[in-house]
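Here's the structure, in structure tokens; my notes come after.
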Protein chains: 2
Amino acid sequence: MTAQTYHRSRPEEAVVQRVVADLQARFGNRAVTSQAVREQHGHTTTWLTNQPPDVVVFPHSTEEVAAIVRLCAEARMPVIPFGTGTSLEGHLNAPYGGVSVDTSMMKAVVAIHAEDLDCVVQPGITRKELNEQLRDTGLFFPIDPGADASLGGMVSTRASGTNAVRYGTMKDNTLSLTVVTPGGEIVKTGTRAKKSSAGYDLTRLFVGSEGTLGIVTEITLRLHGIPEAIAAGICPFPTLGSACEAVIVTIQSGLPVARIELLDDVQVRAVNAYSKLTLPVSPLLLLEFHGTEASVAEQSQRFGEIAAEYGGGPFEWATKAEERSRLWQARHDVYWASLGLRPGAKGLASDVCVPISRLAECLEETKRDIEASGLIAPIVGHVGDGNFHTGPLVMMDDPDEVARCEAFLHRLAERAIAMEGTCTGEHGVGQGKMKYLKAEHGQPALDLMRLLKRAIDPDDIMNPGKILAA
Amino acid sequence: MTAQTYHRSRPEEAVVQRVVADLQARFGNRAVTSQAVREQHGHTTTWLTNQPPDVVVFPHSTEEVAAIVRLCAEARMPVIPFGTGTSLEGHLNAPYGGVSVDTSMMKAVVAIHAEDLDCVVQPGITRKELNEQLRDTGLFFPIDPGADASLGGMVSTRASGTNAVRYGTMKDNTLSLTVVTPGGEIVKTGTRAKKSSAGYDLTRLFVGSEGTLGIVTEITLRLHGIPEAIAAGICPFPTLGSACEAVIVTIQSGLPVARIELLDDVQVRAVNAYSKLTLPVSPLLLLEFHGTEASVAEQSQRFGEIAAEYGGGPFEWATKAEERSRLWQARHDVYWASLGLRPGAKGLASDVCVPISRLAECLEETKRDIEASGLIAPIVGHVGDGNFHTGPLVMMDDPDEVARCEAFLHRLAERAIAMEGTCTGEHGVGQGKMKYLKAEHGQPALDLMRLLKRAIDPDDIMNPGKILAA
């Protein structure tokens, strides 16, 4: 199981020209080569360099995607799947050029099976668009990664977000997939049965594979009933440690919180300034409970008791929509409020995840590190899962500050890995986190991942230079 | 992605003798060749022929397993992992001889992380042994496949059982694994972080792979808090269809049932006779609710209302332990009660799973088929997941009856697959269900599974002749 090295390079210009011409012949004005569109598709929301593809194609169907891939396979031309462009680790860059397959014309809801709590969608639909279409069914799709990402992108990065603590991640909510393999074949990875023991788990092989093993062209998703009642609450704590203790006990006691989010003091200050709130400047937990009227009341009351035990409070909660919005205002404003802390700065995002028993320690060390590094980096966390984001605000024209931030992010990833955690809880590896995988997984696991990639994509045409670049 | 054919055969006798001698030299009396032990390890609880291995070895550690596998790899000797021998599809048979690796001396609980709701165990521990060891922590491991199976076996078959409807299957409750690969390398598939987007999902690659890709030697499991209160209930229904309707509405309304089991009239009659009960001979739902005192009462009441809507009732429920045992008596006695229906017969077990919207139709067609086939086959189902067992009671010395039963099981698998379901919800493929995989997955998916097997185990030493035999 020794890792071989790919010798990936950019195809020769004549090959590129031929593939582009063939695509234009077949797809007409759905094969676009304008610089603006290409650059928008070599999109990156980190500080990684934009690396545009040679052409962007907008297919309508699985069959069209298969045709594109077969054409590229012959020419060993890279294929990069594109959803909405909200990925954070350079997943969409085209370091060797190639064809960006934009799924934005594949937004159909193919079927809704309300009785089975599932639906079948094309990959280009976004989570908000999907929930809009589900509205009359009494069902919803819970995974909420912040951005209004495409479902195809969410499958590919194994996305999660604020309510993963209750509803799981894309790994748990993807029933099966249709995938176009690097050879242009169409594979259905599973049935609509809620569980199965019929062979290898091909669905989970593709969930989180970031387009490096194939292109997802249809997704069967698990849906959930819209809860009868929702309660939202907010609770300040004296320290990060006490907030984390309260989270641990909440989770351990089996309280089925739907969301439990942490904002640190810096983040609270930012939100107060941005939204003219008067929240106490201290660590804050924001909660949401789903259930019946009686059960959300019971859950809220229980959480209030736990919070009080750890010095938290007052715990304020409500079930009416406008009251809930007011209480959660702070969480909704996080992104813009952060940017407001330092006009002109770029906001980055880390996403380590550690066992919850190590969360307080990891958060506290990280806060000290932020201060020692002279950085401004508010913290917001999906703490029920042990997952948190730091959002360093960096002046990109200050090389010293950029270097300090890079060093900080590096230490943060290593810290999480040393605590039996992961460098990425939900954003994925892309180009940005490849350097941490060996420390996290060890060489044998990395070799096994490479073996899978080599077996499925021997010519390295699917999103080359991501996760496991040579 | 064309499927190549393995040319698997039994190693030459001299090779077998050499490997056995080497194992005996290294493991002494932990390498056993007596016929009784070998036959017990070529165990099968179906009507498949017993195919014993050449030798059974009892390792203590991951390192010892790696040493066994390296020795076998050199000799291209088959390696068959063994837990407790409760698998149902010939998973443990040794069609090409080889080494049975019995994990019953690997029962350690390596670590319990109560704050993180996880633990690390060796694969030989059984689920009851594990829960015994967890007792003082307030936590439990929920997956309950009926038999007191080993955790290694449960990982390997992607086991589930009665409370999967609430707690998921082994896929959802396995955080990470240590695996010895066919090359004898030791791979750690993940961290203890509750979620991760750091590369391919190696954990799920091995969960459900039935020992064909490697041997699981350590398992990190998710644990759950023992519920504060449990309610159990029992409710008769006029027809299978009305019981299924009530199940659909229960699941759809988001009622977090912990268990929802169906017994058909034949099964109820068997249980009445066996346990001297006086249950109405009609389809019966048995339920369990987990939560706080208030929430299990609320859940029970809600279910009662739903049941009444579909003509079910009276719904009787209780929270006291002895009352709950009485109500669930019927479910606990299913296995022995079934055998009592027809002394001298062998009890088989099918485990199809369909989308819940098709469950009534699938159950009703299956019941008609049982009757038309002149078989006796009680039905019990994990109906919240759309999964049910028929248990044909067959006189194995009657070739005509055996043939009728085989034909029935064949039609049942095809029926489930035609309804977008699976031939196996929880027992796995082994030798018995290989013939259904093409219909269920299609050739491209099967080719992809084969490609994975070939890449990871090019010499076909890991449990050959299972899932994907040539």
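As shown in the structure tokens, the chain order sets the letters A, B, ...; within each chain, residues go from 1, and ligands are also counted from 1 in the order they appear.
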- [ ] Using only C-alpha atoms, find which residues of chain B lie within 7 Å of chain A and jot them down as a ChimeraX atom specification.
- [x] /B:115-117,157-158,186-201,204-205,208-209,225,248,252-254,295,353-357,385,420-422,424-429,441,444-445,449,451-452,455,467
Next, the residues of the selection above should be written as a compact mmCIF listing (two decimals), in the first residue's frame with N, CA and C atoms.
# COMPACT_ATOMS: atom_id res chain seq x y z
N GLU B 115 -17.36 12.14 29.27
CA GLU B 115 -17.72 13.52 28.89
C GLU B 115 -17.94 13.66 27.40
N ASP B 116 -17.25 12.83 26.63
CA ASP B 116 -17.38 12.90 25.17
C ASP B 116 -18.42 11.93 24.63
N LEU B 117 -19.05 11.17 25.51
CA LEU B 117 -20.00 10.15 25.08
C LEU B 117 -19.36 9.22 24.04
N THR B 157 -20.98 -6.02 9.79
CA THR B 157 -22.23 -6.22 9.06
C THR B 157 -23.10 -4.96 9.04
N ARG B 158 -22.60 -3.87 9.57
CA ARG B 158 -23.40 -2.63 9.67
C ARG B 158 -24.71 -2.95 10.39
N ILE B 186 -1.35 -1.18 9.79
CA ILE B 186 -2.32 -0.76 10.80
C ILE B 186 -2.80 0.64 10.47
N VAL B 187 -4.08 0.76 10.15
CA VAL B 187 -4.65 2.05 9.75
C VAL B 187 -5.63 2.53 10.82
N LYS B 188 -5.49 3.79 11.20
CA LYS B 188 -6.46 4.43 12.08
C LYS B 188 -7.34 5.26 11.16
N THR B 189 -8.67 5.03 11.20
CA THR B 189 -9.53 5.65 10.18
C THR B 189 -10.05 7.03 10.53
N GLY B 190 -9.84 7.48 11.77
CA GLY B 190 -10.36 8.80 12.11
C GLY B 190 -9.96 9.20 13.52
N THR B 191 -10.41 10.36 13.92
CA THR B 191 -10.09 10.88 15.25
C THR B 191 -11.30 10.68 16.16
N ARG B 192 -11.25 11.27 17.36
CA ARG B 192 -12.41 11.22 18.24
C ARG B 192 -13.30 12.45 18.08
N ALA B 193 -13.00 13.32 17.14
CA ALA B 193 -13.89 14.47 16.88
C ALA B 193 -15.26 13.94 16.44
N LYS B 194 -16.31 14.63 16.88
CA LYS B 194 -17.66 14.14 16.59
C LYS B 194 -18.01 14.27 15.11
N LYS B 195 -17.35 15.19 14.43
CA LYS B 195 -17.57 15.30 12.99
C LYS B 195 -16.26 15.76 12.36
N SER B 196 -16.09 15.51 11.09
CA SER B 196 -14.86 15.88 10.42
C SER B 196 -15.11 15.95 8.93
N SER B 197 -14.38 16.85 8.24
CA SER B 197 -14.42 16.90 6.78
C SER B 197 -13.02 16.71 6.22
N ALA B 198 -12.19 15.96 6.96
CA ALA B 198 -10.78 15.84 6.59
C ALA B 198 -10.51 14.62 5.72
N GLY B 199 -11.01 14.64 4.51
CA GLY B 199 -10.68 13.58 3.56
C GLY B 199 -11.72 12.49 3.48
N TYR B 200 -11.35 11.38 2.82
CA TYR B 200 -12.30 10.30 2.56
C TYR B 200 -12.72 9.63 3.86
N ASP B 201 -13.95 9.14 3.86
CA ASP B 201 -14.55 8.54 5.05
C ASP B 201 -14.12 7.08 5.17
N ARG B 204 -16.45 4.64 7.37
CA ARG B 204 -17.63 4.08 6.72
C ARG B 204 -17.25 3.10 5.60
N LEU B 205 -16.02 3.22 5.07
CA LEU B 205 -15.57 2.24 4.08
C LEU B 205 -15.50 0.85 4.71
N GLY B 208 -19.53 -2.36 7.57
CA GLY B 208 -20.35 -3.08 6.59
C GLY B 208 -19.56 -3.81 5.53
N SER B 209 -18.22 -3.82 5.63
CA SER B 209 -17.43 -4.48 4.58
C SER B 209 -17.19 -5.95 4.91
N GLY B 225 -26.67 8.75 26.71
CA GLY B 225 -27.08 8.78 28.11
C GLY B 225 -28.26 7.83 28.34
N ILE B 248 -46.22 5.31 9.95
CA ILE B 248 -45.80 6.41 9.07
C ILE B 248 -46.11 7.75 9.74
N GLN B 252 -43.46 10.53 10.86
CA GLN B 252 -43.55 11.80 10.16
C GLN B 252 -43.81 12.96 11.13
N SER B 253 -44.53 12.69 12.20
CA SER B 253 -44.85 13.77 13.13
C SER B 253 -43.66 14.06 14.04
N GLY B 254 -42.56 13.34 13.85
CA GLY B 254 -41.35 13.66 14.60
C GLY B 254 -41.36 13.11 16.01
N SER B 295 -41.82 13.83 29.15
CA SER B 295 -41.82 13.67 27.69
C SER B 295 -42.27 12.26 27.29
N CYS B 353 -35.67 -4.39 3.64
CA CYS B 353 -36.00 -3.06 4.15
C CYS B 353 -36.46 -2.21 2.97
N VAL B 354 -37.61 -1.56 3.12
CA VAL B 354 -38.17 -0.75 2.03
C VAL B 354 -38.52 0.64 2.55
N PRO B 355 -38.68 1.61 1.64
CA PRO B 355 -39.19 2.91 2.09
C PRO B 355 -40.50 2.68 2.82
N ILE B 356 -40.70 3.41 3.88
CA ILE B 356 -41.84 3.14 4.77
C ILE B 356 -43.19 3.29 4.04
N SER B 357 -43.22 4.12 2.99
CA SER B 357 -44.46 4.28 2.22
C SER B 357 -44.85 2.99 1.50
N ASP B 385 -38.17 1.78 10.56
CA ASP B 385 -37.16 1.88 9.50
C ASP B 385 -37.61 1.22 8.21
N GLU B 420 -37.74 -0.05 -4.37
CA GLU B 420 -36.66 0.89 -4.02
C GLU B 420 -36.05 0.57 -2.66
N GLY B 421 -36.12 -0.70 -2.26
CA GLY B 421 -35.55 -1.10 -0.98
C GLY B 421 -34.32 -1.97 -1.17
N THR B 422 -33.95 -2.65 -0.11
CA THR B 422 -32.74 -3.46 -0.11
C THR B 422 -33.03 -4.89 0.30
N THR B 424 -31.13 -6.57 2.14
CA THR B 424 -30.67 -6.76 3.51
C THR B 424 -30.56 -5.44 4.27
N GLY B 425 -31.43 -5.28 5.24
CA GLY B 425 -31.41 -4.07 6.06
C GLY B 425 -30.37 -4.11 7.16
N GLU B 426 -29.99 -5.33 7.60
CA GLU B 426 -29.09 -5.38 8.74
C GLU B 426 -28.26 -6.64 8.87
N HIS B 427 -28.57 -7.71 8.15
CA HIS B 427 -27.81 -8.95 8.33
C HIS B 427 -26.54 -9.01 7.49
N GLY B 428 -26.52 -8.29 6.40
CA GLY B 428 -25.35 -8.31 5.52
C GLY B 428 -25.50 -9.30 4.38
N VAL B 429 -24.49 -9.32 3.51
CA VAL B 429 -24.54 -10.09 2.27
C VAL B 429 -23.96 -11.49 2.46
N HIS B 441 -28.07 -2.94 -6.89
CA HIS B 441 -27.17 -1.80 -7.10
C HIS B 441 -26.94 -1.45 -8.56
N PRO B 444 -22.83 -0.85 -12.71
CA PRO B 444 -21.76 0.13 -12.45
C PRO B 444 -21.39 0.23 -10.97
N ALA B 445 -22.38 0.20 -10.07
CA ALA B 445 -22.07 0.28 -8.64
C ALA B 445 -21.33 -0.97 -8.17
N MET B 449 -17.65 -1.31 -6.44
CA MET B 449 -17.32 -2.07 -5.23
C MET B 449 -16.17 -3.03 -5.49
N LEU B 451 -13.90 -2.76 -7.74
CA LEU B 451 -12.67 -1.98 -7.93
C LEU B 451 -12.03 -1.66 -6.57
N LEU B 452 -12.86 -1.30 -5.59
CA LEU B 452 -12.34 -1.00 -4.26
C LEU B 452 -11.70 -2.25 -3.65
N ALA B 455 -8.41 -3.05 -5.31
CA ALA B 455 -7.34 -2.08 -4.99
C ALA B 455 -6.78 -2.36 -3.60
N ILE B 467 -19.63 -11.21 -0.25
CA ILE B 467 -20.13 -9.97 -0.87
C ILE B 467 -19.95 -9.99 -2.39
Could you pull out the strand (DSSP E) residues of region 101-170 of chain B from DSSP and send them as a PDB file with N, CA and C atoms, in the first residue's frame?
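Output contents, as saved in selection-v6.pdb:
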ATOM      1  N   VAL B 101      -9.622 -15.825  12.366  1.00  0.00           N
ATOM      2  CA  VAL B 101      -9.030 -14.991  13.421  1.00  0.00           C
ATOM      3  C   VAL B 101     -10.130 -14.712  14.446  1.00  0.00           C
ATOM      4  N   ASP B 102     -10.107 -15.469  15.524  1.00  0.00           N
ATOM      5  CA  ASP B 102     -11.150 -15.374  16.551  1.00  0.00           C
ATOM      6  C   ASP B 102     -10.765 -14.271  17.529  1.00  0.00           C
ATOM      7  N   VAL B 109     -12.166  -3.061  27.214  1.00  0.00           N
ATOM      8  CA  VAL B 109     -12.633  -1.687  27.041  1.00  0.00           C
ATOM      9  C   VAL B 109     -11.387  -0.824  27.246  1.00  0.00           C
ATOM     10  N   VAL B 110     -10.855  -0.301  26.170  1.00  0.00           N
ATOM     11  CA  VAL B 110      -9.570   0.402  26.209  1.00  0.00           C
ATOM     12  C   VAL B 110      -9.706   1.737  26.913  1.00  0.00           C
ATOM     13  N   ALA B 111     -10.822   2.415  26.690  1.00  0.00           N
ATOM     14  CA  ALA B 111     -11.040   3.723  27.328  1.00  0.00           C
ATOM     15  C   ALA B 111     -12.518   4.054  27.311  1.00  0.00           C
ATOM     16  N   ILE B 112     -12.976   4.718  28.362  1.00  0.00           N
ATOM     17  CA  ILE B 112     -14.328   5.294  28.366  1.00  0.00           C
ATOM     18  C   ILE B 112     -14.166   6.799  28.554  1.00  0.00           C
ATOM     19  N   HIS B 113     -14.643   7.568  27.605  1.00  0.00           N
ATOM     20  CA  HIS B 113     -14.617   9.026  27.715  1.00  0.00           C
ATOM     21  C   HIS B 113     -16.046   9.479  27.959  1.00  0.00           C
ATOM     22  N   ASP B 118     -18.143   8.767  24.334  1.00  0.00           N
ATOM     23  CA  ASP B 118     -17.571   7.740  23.472  1.00  0.00           C
ATOM     24  C   ASP B 118     -16.741   6.774  24.288  1.00  0.00           C
ATOM     25  N   CYS B 119     -16.426   5.629  23.680  1.00  0.00           N
ATOM     26  CA  CYS B 119     -15.515   4.676  24.302  1.00  0.00           C
ATOM     27  C   CYS B 119     -14.737   3.956  23.213  1.00  0.00           C
ATOM     28  N   VAL B 120     -13.613   3.376  23.631  1.00  0.00           N
ATOM     29  CA  VAL B 120     -12.762   2.643  22.703  1.00  0.00           C
ATOM     30  C   VAL B 120     -12.711   1.194  23.168  1.00  0.00           C
ATOM     31  N   VAL B 121     -13.052   0.271  22.287  1.00  0.00           N
ATOM     32  CA  VAL B 121     -13.100  -1.141  22.684  1.00  0.00           C
ATOM     33  C   VAL B 121     -12.356  -2.009  21.676  1.00  0.00           C
ATOM     34  N   LEU B 139     -24.170   5.826  30.983  1.00  0.00           N
ATOM     35  CA  LEU B 139     -24.214   5.781  29.519  1.00  0.00           C
ATOM     36  C   LEU B 139     -24.520   4.360  29.053  1.00  0.00           C
ATOM     37  N   PHE B 140     -24.949   4.255  27.797  1.00  0.00           N
ATOM     38  CA  PHE B 140     -25.122   2.924  27.217  1.00  0.00           C
ATOM     39  C   PHE B 140     -24.873   2.953  25.727  1.00  0.00           C
TER      40      PHE B 140
END
TODO: May I have the residues within 8 Å of region 400-410 of chain A as a ChimeraX atom specification, using only C-alpha atoms and disregarding those fewer than 2 positions away in the same chain?
DONE: /A:350,369-370,373,375,392,394-396,398,412-414
TODO: From a DSSP calculation on the backbone, collect every residue of region 30-274 of chain A in helix (DSSP H, G or I) and output the set as JSON, numbers by chain.
DONE: {"A": [30, 35, 36, 37, 38, 39, 40, 41, 62, 63, 64, 65, 66, 67, 68, 69, 70, 71, 72, 73, 74, 75, 114, 115, 116, 127, 128, 129, 130, 131, 132, 133, 134, 135, 136, 137, 151, 152, 153, 154, 155, 156, 157, 164, 165, 166, 167, 170, 171, 172, 173, 202, 203, 204, 205, 206, 240, 241, 242, 243, 244, 245, 246, 247, 248, 249, 250, 251, 252, 265, 266, 267, 268, 269, 270, 271, 272, 273, 274]}
TODO: Rank B:Ala229, B:Val268, B:Leu48, B:Ile306 by their smallest atom-to-atom distance to Ala318 (chain B), using only C-alpha atoms, and report the top residue only.
DONE: B:Ala229
